[in-house]
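Peer 1: My file is work.cif. It has mmCIF, C-alpha atoms:
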```cif
data_coords
loop_
_atom_site.label_atom_id
_atom_site.label_comp_id
_atom_site.auth_asym_id
_atom_site.auth_seq_id
_atom_site.Cartn_x
_atom_site.Cartn_y
_atom_site.Cartn_z
CA MET Y 1 -9.16 28.61 34.85
CA LYS Y 2 -11.56 25.80 35.62
CA LYS Y 3 -10.43 22.32 34.49
CA TYR Y 4 -12.76 19.69 33.02
CA LEU Y 5 -12.26 15.94 32.81
CA ILE Y 6 -13.42 14.33 29.55
CA ALA Y 7 -14.48 10.71 29.67
CA GLU Y 8 -12.28 8.44 27.55
CA GLU Y 9 -15.23 7.12 25.50
CA CYS Y 10 -16.00 10.70 24.44
CA LEU Y 11 -12.53 11.56 23.13
CA ASP Y 12 -13.20 10.29 19.62
CA LEU Y 13 -16.71 11.69 19.11
CA ALA Y 14 -15.58 14.48 16.80
CA TRP Y 15 -13.45 12.02 14.87
CA ARG Y 16 -16.43 9.71 14.38
CA VAL Y 17 -18.76 12.49 13.28
CA CYS Y 18 -16.35 14.32 10.97
CA GLU Y 19 -14.45 11.43 9.38
CA ARG Y 20 -15.41 10.75 5.76
CA LYS Y 21 -16.62 7.35 4.66
CA ASN Y 22 -14.83 5.18 2.11
CA THR Y 23 -16.25 3.23 -0.81
CA TYR Y 24 -17.18 0.33 1.44
CA GLY Y 25 -19.57 2.45 3.47
CA ARG Y 26 -17.47 2.23 6.62
CA ILE Y 27 -15.45 4.87 8.41
CA LYS Y 28 -12.33 5.60 6.40
CA ALA Y 29 -9.30 3.81 7.83
CA LYS Y 30 -6.80 6.09 9.48
CA GLY Y 31 -5.89 3.87 12.38
CA ASP Y 32 -7.61 4.77 15.62
CA PRO Y 33 -8.40 8.30 16.72
CA PRO Y 34 -5.52 9.95 18.60
CA SER Y 35 -5.22 8.43 22.06
CA GLN Y 36 -2.76 7.72 24.81
CA TYR Y 37 -2.25 4.16 23.50
CA PHE Y 38 -0.71 5.08 20.16
CA LEU Y 39 2.82 6.12 19.29
CA LYS Y 40 3.45 9.70 18.24
CA GLU Y 41 5.52 10.58 15.21
CA GLY Y 42 9.19 9.96 15.92
CA ASP Y 43 8.59 7.55 18.84
CA GLU Y 44 10.52 4.28 18.89
CA PRO Y 45 8.27 1.22 18.39
CA VAL Y 46 7.38 -0.85 21.44
CA PHE Y 47 5.83 -3.88 19.70
CA ILE Y 48 6.85 -5.66 16.51
CA ASN Y 49 4.82 -4.97 13.40
CA PRO Y 50 2.95 -8.15 12.34
CA LEU Y 51 2.41 -6.69 8.86
CA ARG Y 52 6.10 -7.30 8.16
CA ASP Y 53 7.04 -10.86 7.17
CA VAL Y 54 9.62 -11.13 9.94
CA GLY Y 55 7.28 -9.70 12.58
CA PHE Y 56 4.47 -12.03 11.51
CA LYS Y 57 6.71 -15.11 11.65
CA ILE Y 58 8.19 -14.15 15.03
CA LEU Y 59 4.81 -13.52 16.61
CA PHE Y 60 2.77 -16.38 15.14
CA GLY Y 61 5.49 -18.88 14.28
CA ASN Y 62 8.24 -18.57 16.89
CA SER Y 63 6.40 -17.40 20.01
CA GLY Y 64 5.92 -19.88 22.84
CA GLN Y 65 7.52 -23.08 24.06
CA HIS Y 66 7.86 -26.34 22.18
CA SER Y 67 5.14 -28.75 23.24
CA SER Y 68 6.43 -31.57 25.41
CA GLY Y 69 5.14 -34.16 27.81
CA ALA Y 70 5.86 -31.84 30.72
CA ASN Y 71 3.79 -28.90 29.47
CA SER Y 72 1.30 -30.55 27.10
CA ASN Y 73 -1.55 -30.27 29.61
CA ASP Y 74 -0.47 -26.98 31.19
CA LYS Y 75 -2.79 -24.32 29.72
CA SER Y 76 -0.87 -21.54 31.45
CA VAL Y 77 2.11 -22.20 29.16
CA LEU Y 78 1.96 -20.65 25.71
CA LYS Y 79 3.06 -23.23 23.17
CA LYS Y 80 4.37 -22.62 19.67
CA GLY Y 81 1.45 -22.13 17.34
CA ASP Y 82 -1.11 -21.26 20.03
CA LEU Y 83 -1.41 -17.62 18.95
CA LEU Y 84 -1.75 -18.67 15.31
CA LYS Y 85 -4.36 -21.27 16.23
CA GLU Y 86 -6.47 -18.79 18.21
CA MET Y 87 -6.29 -16.17 15.47
CA LEU Y 88 -7.18 -18.52 12.62
CA ASN Y 89 -10.03 -20.14 14.56
CA SER Y 90 -11.52 -16.68 15.17
CA PHE Y 91 -11.35 -16.04 11.39
CA PHE Y 92 -12.71 -19.44 10.35
CA GLY Y 93 -15.94 -19.38 12.37
CA PRO Y 94 -18.39 -21.98 11.02
CA LYS Y 95 -16.78 -21.93 7.55
CA ILE Y 96 -13.86 -24.20 8.48
CA PRO Y 97 -13.69 -26.67 11.41
CA ALA Y 98 -11.55 -25.36 14.26
CA ILE Y 99 -7.85 -26.14 14.52
CA THR Y 100 -7.04 -28.16 17.65
CA GLN Y 101 -3.25 -28.14 17.37
CA VAL Y 102 -0.47 -26.69 15.23
CA ARG Y 103 2.42 -28.78 13.98
CA PHE Y 104 4.74 -26.57 11.97
CA LYS Y 105 6.28 -27.97 8.81
CA ASN Y 106 9.15 -26.93 6.54
CA VAL Y 107 8.19 -23.70 4.77
CA GLU Y 108 10.44 -24.42 1.76
CA ALA Y 109 8.92 -26.40 -1.09
CA PRO Y 110 11.75 -27.46 -3.46
CA GLY Y 111 11.51 -27.24 -7.23
CA ALA Y 112 11.07 -30.31 -9.45
CA THR Y 113 14.77 -30.05 -10.38
CA ILE Y 114 17.74 -28.09 -9.08
CA HIS Y 115 17.12 -25.58 -11.85
CA ASN Y 116 13.54 -24.85 -10.79
CA ARG Y 117 12.71 -22.10 -8.36
CA LYS Y 118 11.58 -23.26 -4.91
CA VAL Y 119 8.52 -21.91 -3.10
CA VAL Y 120 8.91 -20.38 0.37
CA TYR Y 121 5.75 -20.02 2.44
CA ASP Y 122 5.45 -17.66 5.40
CA LEU Y 123 4.01 -20.41 7.61
CA CYS Y 124 3.05 -24.01 6.89
CA PHE Y 125 1.55 -26.48 9.38
CA SER Y 126 -0.74 -29.45 9.86
CA ASP Y 127 -3.42 -29.72 12.54
CA GLY Y 128 -2.67 -33.32 13.46
CA SER Y 129 -5.53 -34.65 11.33
CA LYS Y 130 -5.74 -34.83 7.55
CA ARG Y 131 -5.52 -31.09 6.94
CA GLU Y 132 -2.62 -28.80 6.14
CA PHE Y 133 -2.52 -25.02 6.16
CA ILE Y 134 -0.44 -22.48 4.27
CA VAL Y 135 -0.48 -18.95 5.70
CA GLU Y 136 0.77 -15.95 3.74
CA MET Y 137 1.11 -12.34 4.94
CA GLN Y 138 1.39 -9.71 2.20
CA ASN Y 139 1.96 -6.05 3.06
CA GLN Y 140 2.39 -4.68 -0.47
CA LYS Y 141 -0.15 -4.55 -3.28
CA ILE Y 142 0.40 -7.27 -5.92
CA SER Y 143 -2.08 -7.64 -8.77
CA PHE Y 144 -1.67 -11.44 -9.03
CA LEU Y 145 -1.71 -12.08 -5.26
CA PHE Y 146 -4.76 -14.39 -5.26
CA ASN Y 147 -3.44 -16.36 -8.26
CA ARG Y 148 -0.10 -16.79 -6.50
CA MET Y 149 -1.85 -18.28 -3.46
CA HIS Y 150 -3.71 -20.68 -5.74
CA ASN Y 151 -0.40 -21.71 -7.32
CA TYR Y 152 1.09 -22.28 -3.86
CA LEU Y 153 -1.73 -24.72 -3.06
CA SER Y 154 -1.29 -26.45 -6.41
CA ARG Y 155 2.43 -26.84 -5.76
CA ALA Y 156 1.77 -28.26 -2.29
CA HIS Y 157 -0.71 -30.77 -3.75
CA SER Y 158 1.80 -31.98 -6.34
CA LEU Y 159 4.50 -32.50 -3.71
CA VAL Y 160 2.43 -34.94 -1.64
CA MET Y 161 1.95 -37.36 -4.54
CA GLU Y 162 4.67 -39.96 -4.10
CA LYS Y 163 5.97 -41.79 -7.12
CA GLY Y 164 5.46 -45.54 -7.19
CA ALA Y 165 3.44 -48.35 -8.66
CA SER Y 166 0.18 -47.09 -7.18
CA PHE Y 167 0.94 -43.38 -7.65
CA ASP Y 168 -1.38 -42.55 -4.78
CA HIS Y 169 -3.66 -39.51 -5.34
CA ASN Y 170 -5.16 -39.36 -1.86
CA GLN Y 171 -3.99 -35.81 -1.22
CA THR Y 172 -4.33 -34.05 2.08
CA PRO Y 173 -6.94 -31.25 2.09
CA LEU Y 174 -5.22 -27.86 1.99
CA VAL Y 175 -6.41 -24.53 3.35
CA GLY Y 176 -4.65 -21.39 2.17
CA VAL Y 177 -4.97 -18.32 4.39
CA LEU Y 178 -4.03 -15.06 2.68
CA ILE Y 179 -3.75 -12.06 5.02
CA ALA Y 180 -3.24 -8.93 2.94
CA ASN Y 181 -2.77 -5.29 3.83
CA CYS Y 182 -4.36 -4.38 0.50
CA ILE Y 183 -7.57 -4.91 -1.43
CA ILE Y 184 -7.66 -8.27 -3.22
CA HIS Y 185 -11.26 -8.42 -4.43
CA GLN Y 186 -12.28 -5.14 -6.06
CA ASP Y 187 -15.96 -6.10 -5.79
CA THR Y 188 -17.19 -4.07 -2.81
CA ARG Y 189 -19.68 -6.82 -1.92
CA VAL Y 190 -16.84 -9.13 -0.85
CA PRO Y 191 -16.41 -8.74 2.94
CA CYS Y 192 -13.20 -8.38 4.93
CA ILE Y 193 -12.98 -12.15 5.47
CA SER Y 194 -14.11 -14.35 2.58
CA MET Y 195 -13.48 -17.86 1.33
CA ALA Y 196 -13.10 -19.34 -2.14
CA GLU Y 197 -13.65 -23.05 -2.77
CA PHE Y 198 -14.64 -25.31 -5.63
CA ALA Y 199 -18.42 -25.42 -5.63
CA ASP Y 200 -21.43 -26.08 -7.83
CA LEU Y 201 -23.00 -22.64 -7.85
CA GLU Y 202 -26.24 -23.85 -9.44
CA ASN Y 203 -26.88 -26.43 -6.74
CA GLY Y 204 -25.09 -24.56 -3.94
CA VAL Y 205 -22.88 -27.45 -2.83
CA VAL Y 206 -19.12 -27.80 -2.34
CA VAL Y 207 -17.67 -30.06 -5.03
CA THR Y 208 -14.30 -30.78 -3.39
CA ASP Y 209 -12.75 -30.15 0.01
CA LEU Y 210 -9.21 -30.46 -1.33
CA SER Y 211 -8.57 -26.71 -1.68
CA LYS Y 212 -9.91 -23.68 0.13
CA ILE Y 213 -8.52 -20.15 0.11
CA MET Y 214 -9.54 -17.73 2.83
CA THR Y 215 -8.67 -14.08 2.22
CA ILE Y 216 -8.43 -11.46 4.97
CA GLU Y 217 -8.34 -7.95 3.46
CA LEU Y 218 -7.21 -5.69 6.30
CA PRO Y 219 -8.09 -2.32 4.65
CA LYS Y 220 -11.75 -3.38 4.81
CA PHE Y 221 -11.57 -3.54 8.61
CA ASN Y 222 -12.02 -0.09 10.12
CA LYS Y 223 -13.25 -0.56 13.69
CA ASN Y 224 -11.58 1.37 16.50
CA LEU Y 225 -10.89 0.24 20.05
CA ASN Y 226 -14.37 1.01 21.34
CA GLU Y 227 -16.07 -0.96 18.56
CA LEU Y 228 -14.32 -4.34 18.98
CA LYS Y 229 -16.91 -7.01 19.73
CA ASP Y 230 -15.18 -10.41 19.62
CA ASN Y 231 -11.81 -12.14 19.24
CA LYS Y 232 -11.98 -11.84 15.45
CA ASP Y 233 -12.26 -8.05 15.72
CA VAL Y 234 -9.38 -7.89 18.18
CA PHE Y 235 -7.03 -9.97 16.01
CA LEU Y 236 -7.89 -7.86 12.96
CA PHE Y 237 -7.33 -4.70 14.96
CA LEU Y 238 -3.96 -5.93 16.25
CA LEU Y 239 -2.78 -7.00 12.79
CA ARG Y 240 -3.39 -3.44 11.61
CA ASN Y 241 -2.30 -1.50 14.69
CA LEU Y 242 0.00 -3.55 16.93
CA GLY Y 243 3.13 -1.88 15.55
CA LYS Y 244 1.59 1.55 16.30
CA LEU Y 245 0.72 0.87 19.95
CA LYS Y 246 2.89 2.04 22.84
CA LYS Y 247 1.05 0.19 25.61
CA ILE Y 248 -1.72 -2.35 26.10
CA PRO Y 249 -5.24 -0.85 25.98
CA PRO Y 250 -7.20 -2.00 29.07
CA GLN Y 251 -9.94 -3.64 27.00
CA LEU Y 252 -7.34 -5.90 25.36
CA ASP Y 253 -5.50 -6.81 28.56
CA THR Y 254 -7.07 -10.28 28.87
CA ASP Y 255 -5.77 -13.79 29.49
CA LEU Y 256 -6.02 -14.55 25.76
CA PHE Y 257 -4.22 -11.46 24.41
CA ARG Y 258 -1.77 -10.72 27.23
CA PRO Y 259 0.68 -13.43 25.96
CA LEU Y 260 0.47 -11.92 22.47
CA PHE Y 261 1.55 -8.51 23.76
CA GLU Y 262 4.25 -10.10 25.90
CA HIS Y 263 5.83 -11.93 22.95
CA ALA Y 264 5.33 -8.97 20.59
CA LYS Y 265 7.20 -6.57 22.86
CA ILE Y 266 10.56 -5.82 21.28
CA ALA Y 267 12.30 -5.70 24.67
CA ASN Y 268 11.18 -9.30 25.37
CA LEU Y 269 12.34 -10.86 22.08
CA LYS Y 270 14.69 -13.81 22.22
CA LYS Y 271 18.20 -13.14 20.91
CA GLU Y 272 17.69 -14.94 17.60
CA ASP Y 273 14.31 -13.25 17.06
CA PHE Y 274 15.69 -9.83 17.88
CA MET Y 275 18.53 -10.35 15.38
CA LEU Y 276 15.96 -11.16 12.70
CA PHE Y 277 13.87 -8.17 13.71
CA ASP Y 278 16.85 -5.81 13.80
CA GLU Y 279 18.12 -7.03 10.42
CA ASP Y 280 14.66 -6.51 8.91
CA ARG Y 281 14.39 -3.06 10.52
CA THR Y 282 17.84 -2.10 9.20
CA TRP Y 283 16.90 -3.31 5.72
CA GLU Y 284 13.64 -1.33 5.85
CA ARG Y 285 15.45 1.85 6.93
CA LYS Y 286 18.01 1.36 4.15
CA ARG Y 287 15.22 0.83 1.62
CA GLN Y 288 13.46 3.95 2.89
CA LEU Y 289 16.65 5.98 2.56
CA GLU Y 290 17.17 4.64 -0.95
CA LEU Y 291 13.60 5.60 -1.86
CA GLU Y 292 14.02 9.07 -0.38
CA THR Y 293 17.34 9.51 -2.23
CA ALA Y 294 15.78 8.29 -5.47
CA LEU Y 295 12.88 10.68 -4.94
CA ASP Y 296 15.25 13.60 -4.29
CA ASP Y 297 17.26 12.72 -7.40
CA ALA Y 298 14.09 12.47 -9.45
CA VAL Y 299 12.87 15.83 -8.16
CA MET Y 300 16.26 17.42 -8.93
CA GLU Y 301 16.38 15.93 -12.44
CA THR Y 302 12.80 16.97 -13.08
CA THR Y 303 13.54 20.50 -11.81
CA MET Y 304 16.60 20.76 -14.06
CA GLU Y 305 14.68 19.49 -17.07
CA VAL Y 306 11.79 21.88 -16.40
CA THR Y 307 14.31 24.73 -16.02
CA LYS Y 308 15.87 23.83 -19.38
CA GLN Y 309 12.48 23.66 -21.05
CA VAL Y 310 11.41 27.00 -19.55
CA THR Y 311 14.73 28.57 -20.61
CA ARG Y 312 14.32 27.25 -24.15
CA GLN Y 313 10.72 28.46 -24.25
CA VAL Y 314 11.62 31.91 -22.95
CA THR Y 315 14.57 32.16 -25.35
CA ARG Y 316 12.36 31.15 -28.26
CA GLN Y 317 9.67 33.64 -27.26
CA VAL Y 318 12.22 36.46 -26.84
CA THR Y 319 13.81 35.59 -30.19
CA GLU Y 320 10.44 35.57 -31.92
CA GLN Y 321 9.47 38.87 -30.30
CA VAL Y 322 12.77 40.57 -31.25
CA THR Y 323 12.55 39.21 -34.80
CA LYS Y 324 9.01 40.51 -35.09
CA GLN Y 325 9.99 43.95 -33.78
CA VAL Y 326 13.01 44.17 -36.15
CA THR Y 327 10.89 43.05 -39.08
CA GLU Y 328 8.27 45.65 -38.25
CA GLN Y 329 10.92 48.35 -37.92
CA VAL Y 330 12.55 47.43 -41.27
CA SER Y 331 9.13 47.41 -42.89
CA GLN Y 332 8.36 50.83 -41.45
CA ILE Y 333 11.72 52.23 -42.72
CA LYS Y 334 11.10 50.85 -46.23
CA THR Y 335 7.55 52.26 -46.25
CA ARG Y 336 8.73 55.69 -45.05
CA THR Y 337 11.49 55.79 -47.72
CA PHE Y 338 8.96 55.00 -50.44
CA ILE Y 339 6.57 57.66 -49.14
CA GLU Y 340 9.40 60.21 -49.09
CA ALA Y 341 10.23 59.40 -52.74
CA LEU Y 342 6.61 59.80 -53.84
CA LEU Y 343 6.25 63.08 -51.95
CA THR Y 344 9.47 64.45 -53.47
CA LYS Y 345 8.26 63.76 -57.02
CA GLY Y 346 4.88 65.36 -56.24
CA LEU Y 347 3.03 63.11 -58.67
CA LEU Y 348 0.38 61.82 -56.25
CA SER Y 349 -1.85 63.39 -53.65
CA ASP Y 350 -1.53 62.60 -49.97
CA GLU Y 351 -4.65 60.42 -50.17
CA ASP Y 352 -3.33 58.44 -53.15
CA ILE Y 353 0.03 57.88 -51.46
CA ALA Y 354 -1.74 56.65 -48.27
CA GLU Y 355 -3.81 54.21 -50.36
CA VAL Y 356 -0.80 52.90 -52.29
CA THR Y 357 1.40 52.37 -49.19
CA GLN Y 358 -1.52 51.23 -46.95
CA VAL Y 359 -0.87 53.82 -44.23
CA SER Y 360 -3.01 56.58 -42.85
CA VAL Y 361 -3.22 60.02 -44.49
CA ALA Y 362 -2.07 61.48 -41.16
CA PHE Y 363 1.17 59.45 -41.37
CA VAL Y 364 1.81 60.72 -44.95
CA GLN Y 365 1.23 64.30 -43.83
CA LYS Y 366 3.59 63.82 -40.87
CA VAL Y 367 6.35 62.60 -43.20
CA LYS Y 368 5.58 65.53 -45.50
CA GLU Y 369 6.01 67.99 -42.61
CA GLU Y 370 9.32 66.42 -41.58
CA LEU Y 371 10.55 66.84 -45.17
CA SER Y 372 9.49 70.53 -45.03
CA LEU Y 373 7.38 70.05 -48.18
CA THR Y 374 4.26 71.67 -46.74
#
```
Take the structure in the file and write it out as structure tokens.
Peer 2:
Amino acid sequence: MKKYLIAEECLDLAWRVCERKNTYGRIKAKGDPPSQYFLKEGDEPVFINPLRDVGFKILFGNSGQHSSGANSNDKSVLKKGDLLKEMLNSFFGPKIPAITQVRFKNVEAPGATIHNRKVVYDLCFSDGSKREFIVEMQNQKISFLFNRMHNYLSRAHSLVMEKGASFDHNQTPLVGVLIANCIIHQDTRVPCISMAEFADLENGVVVTDLSKIMTIELPKFNKNLNELKDNKDVFLFLLRNLGKLKKIPPQLDTDLFRPLFEHAKIANLKKEDFMLFDEDRTWERKRQLELETALDDAVMETTMEVTKQVTRQVTRQVTEQVTKQVTEQVSQIKTRTFIEALLTKGLLSDEDIAEVTQVSVAFVQKVKEELSLT
């Protein structure tokens, strides 16, 4: 049999042509078409999943070396926050001035009193100027997700106001970045990356620079490997698919993204990061088992309840049918006895008896024959 070699760029043609479109007019998201770069069902993961809180923090918060005088000018050394800086700058574009450095801050914002609940951000940092950033990754759908991000910014604003005679209100501008693996804005006109800020819509000007919220809605990004055009596309693609990859696609094996793959590889994780990853993975497996067990129990309970209902229904139907048959039989016996009495007395004709008892003349004549009165 003759063998043919199919060019790699042609492997997904059928997928492109046949795949249905979603409500946003783009190809429906199902990951990438099957290829040699993606894990098969049952394969062990090679890279951490950045859609998980732990994976996101390890990759964009813990990866790299602490900046020091020895490596501050060495661009070949990946420093903590570099991956986060590159990703956010690719998302910001002209909307927000680029981040030049990342100085991580405490992610825990305490409550006003010991009785109040504290706020825990995924990542919080300043850029060395007068701006601070709060970054949140959300993998599950939450109806109030955008409002929660707004509350996080409000809480951060209130914490920077120090009590005193002057009660200074010169707050630091805050930018909230909400990366969500779900749809936040149901309006289909809102793109994958959008920004909300206080503005005068009538005059088209920004009223205050104190608060901005950028939302990245990953389900609205549906490009595959061959359609990635810039760094923004690549970061969006990796957020969605990094945990599904088994090796680095050649088009992503660049100086910028090679360190990301290196630090995302599970085999390369530092001991403390691997312990966090393994604990999170164990918790996820336990949660999955609990969900499967709960589903099995629910199916069993539902099956038993349906069986009981069907049994009751069948029993009721059988009872009604038997009762009807017995009633009909009793009625027939009473009618026949009455007809026999009338025939014995010979006072009425067969037709009159049939009319009185509401049966056919043929039935009266049959009873008459059986009584040997003919």
Peer 1: What's the separation between atom CA of Y:Asp255 and atom CA of Y:Lys229, in Å to one decimal place?
Peer 2: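 Atom-to-atom, atom CA of Y:Asp255 and atom CA of Y:Lys229 are spaced 16.3 Å apart.
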Peer 1: For the structure provided, state which residues fall under the PyMOL selection byres ((chain Y and resi 64) around 9), and present them as a list in words.
Peer 2: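 On this input, the PyMOL selection byres ((chain Y and resi 64) around 9) captures Leu59, Gly61, Asn62, Ser63, Gln65, His66, Ser67, Val77, Leu78, Lys79, Lys80, Gly81, Asp82, Leu83, Pro259 and His263 of chain Y.
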Peer 1: Mind telling me what the PyMOL selection byres ((chain Y and resi 277-280) around 10) catches here, as a VMD selection string?
Peer 2: chain Y and resid 48 to 49 52 to 55 58 266 269 271 to 276 281 to 286
Peer 1: Counting all atoms listed in the file, which of Y:Glu217, Y:Glu41, Y:Asp297, Y:Glu320 gets nearest to Y:Phe237?
Peer 2: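 So, comparing all the options, the nearest one is Y:Glu217.
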Peer 1: Would you pick out the contacts of stretch 336-349 of chain Y at 12 Å or less, using all atoms listed in the file, so that residues sharing its chain but fewer than 6 positions from it are not included, and give the list as a list of chain:residue names?
Peer 2: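 Within the cut-off, the hits are Y:Gln329, Y:Val330, Y:Glu355, Y:Val356, Y:Thr357, Y:Gln358, Y:Val359, Y:Ser360, Y:Val361, Y:Phe363, Y:Val364, Y:Gln365, Y:Lys366, Y:Val367, Y:Lys368, Y:Glu369, Y:Glu370, Y:Leu371, Y:Ser372, Y:Leu373, Y:Thr374.
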Peer 1: Work out how far apart atom CA of Y:Ile248 and atom CA of Y:Ala180 are and give it in Å to one decimal.
Peer 2: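 Straight-line distance from atom CA of Y:Ile248 to atom CA of Y:Ala180 works out to 24.1 Å.
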Peer 1: How would stretch 301-317 of chain Y look written as a PDB file, in the first residue's frame with N, CA and C atoms?
Peer 2:
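Final file, part-v5.pdb:
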```
ATOM      1  N   GLU Y 301     -30.468   6.699  43.961  1.00  0.00           N
ATOM      2  CA  GLU Y 301     -31.673   7.143  44.664  1.00  0.00           C
ATOM      3  C   GLU Y 301     -32.786   7.472  43.671  1.00  0.00           C
ATOM      4  N   THR Y 302     -32.400   8.119  42.577  1.00  0.00           N
ATOM      5  CA  THR Y 302     -33.397   8.462  41.564  1.00  0.00           C
ATOM      6  C   THR Y 302     -33.987   7.201  40.940  1.00  0.00           C
ATOM      7  N   THR Y 303     -33.108   6.204  40.663  1.00  0.00           N
ATOM      8  CA  THR Y 303     -33.573   4.946  40.084  1.00  0.00           C
ATOM      9  C   THR Y 303     -34.540   4.233  41.025  1.00  0.00           C
ATOM     10  N   MET Y 304     -34.192   4.214  42.330  1.00  0.00           N
ATOM     11  CA  MET Y 304     -35.056   3.564  43.308  1.00  0.00           C
ATOM     12  C   MET Y 304     -36.395   4.280  43.409  1.00  0.00           C
ATOM     13  N   GLU Y 305     -36.360   5.609  43.408  1.00  0.00           N
ATOM     14  CA  GLU Y 305     -37.603   6.371  43.507  1.00  0.00           C
ATOM     15  C   GLU Y 305     -38.473   6.164  42.277  1.00  0.00           C
ATOM     16  N   VAL Y 306     -37.816   6.166  41.088  1.00  0.00           N
ATOM     17  CA  VAL Y 306     -38.565   5.922  39.851  1.00  0.00           C
ATOM     18  C   VAL Y 306     -39.172   4.527  39.869  1.00  0.00           C
ATOM     19  N   THR Y 307     -38.388   3.541  40.357  1.00  0.00           N
ATOM     20  CA  THR Y 307     -38.896   2.160  40.449  1.00  0.00           C
ATOM     21  C   THR Y 307     -40.121   2.090  41.351  1.00  0.00           C
ATOM     22  N   LYS Y 308     -40.050   2.792  42.502  1.00  0.00           N
ATOM     23  CA  LYS Y 308     -41.189   2.808  43.420  1.00  0.00           C
ATOM     24  C   LYS Y 308     -42.402   3.447  42.762  1.00  0.00           C
ATOM     25  N   GLN Y 309     -42.177   4.554  42.072  1.00  0.00           N
ATOM     26  CA  GLN Y 309     -43.297   5.232  41.420  1.00  0.00           C
ATOM     27  C   GLN Y 309     -43.920   4.366  40.332  1.00  0.00           C
ATOM     28  N   VAL Y 310     -43.043   3.700  39.542  1.00  0.00           N
ATOM     29  CA  VAL Y 310     -43.548   2.821  38.481  1.00  0.00           C
ATOM     30  C   VAL Y 310     -44.327   1.658  39.092  1.00  0.00           C
ATOM     31  N   THR Y 311     -43.773   1.092  40.192  1.00  0.00           N
ATOM     32  CA  THR Y 311     -44.458  -0.023  40.858  1.00  0.00           C
ATOM     33  C   THR Y 311     -45.827   0.405  41.360  1.00  0.00           C
ATOM     34  N   ARG Y 312     -45.871   1.598  42.010  1.00  0.00           N
ATOM     35  CA  ARG Y 312     -47.151   2.099  42.500  1.00  0.00           C
ATOM     36  C   ARG Y 312     -48.124   2.345  41.356  1.00  0.00           C
ATOM     37  N   GLN Y 313     -47.606   2.891  40.253  1.00  0.00           N
ATOM     38  CA  GLN Y 313     -48.462   3.171  39.106  1.00  0.00           C
ATOM     39  C   GLN Y 313     -49.020   1.888  38.505  1.00  0.00           C
ATOM     40  N   VAL Y 314     -48.117   0.894  38.342  1.00  0.00           N
ATOM     41  CA  VAL Y 314     -48.545  -0.385  37.777  1.00  0.00           C
ATOM     42  C   VAL Y 314     -49.548  -1.063  38.696  1.00  0.00           C
ATOM     43  N   THR Y 315     -49.259  -1.043  40.006  1.00  0.00           N
ATOM     44  CA  THR Y 315     -50.179  -1.653  40.975  1.00  0.00           C
ATOM     45  C   THR Y 315     -51.551  -0.995  40.916  1.00  0.00           C
ATOM     46  N   ARG Y 316     -51.539   0.360  40.849  1.00  0.00           N
ATOM     47  CA  ARG Y 316     -52.797   1.081  40.777  1.00  0.00           C
ATOM     48  C   ARG Y 316     -53.567   0.734  39.495  1.00  0.00           C
ATOM     49  N   GLN Y 317     -52.830   0.677  38.379  1.00  0.00           N
ATOM     50  CA  GLN Y 317     -53.477   0.358  37.112  1.00  0.00           C
ATOM     51  C   GLN Y 317     -54.062  -1.052  37.115  1.00  0.00           C
TER      52      GLN Y 317
END
```
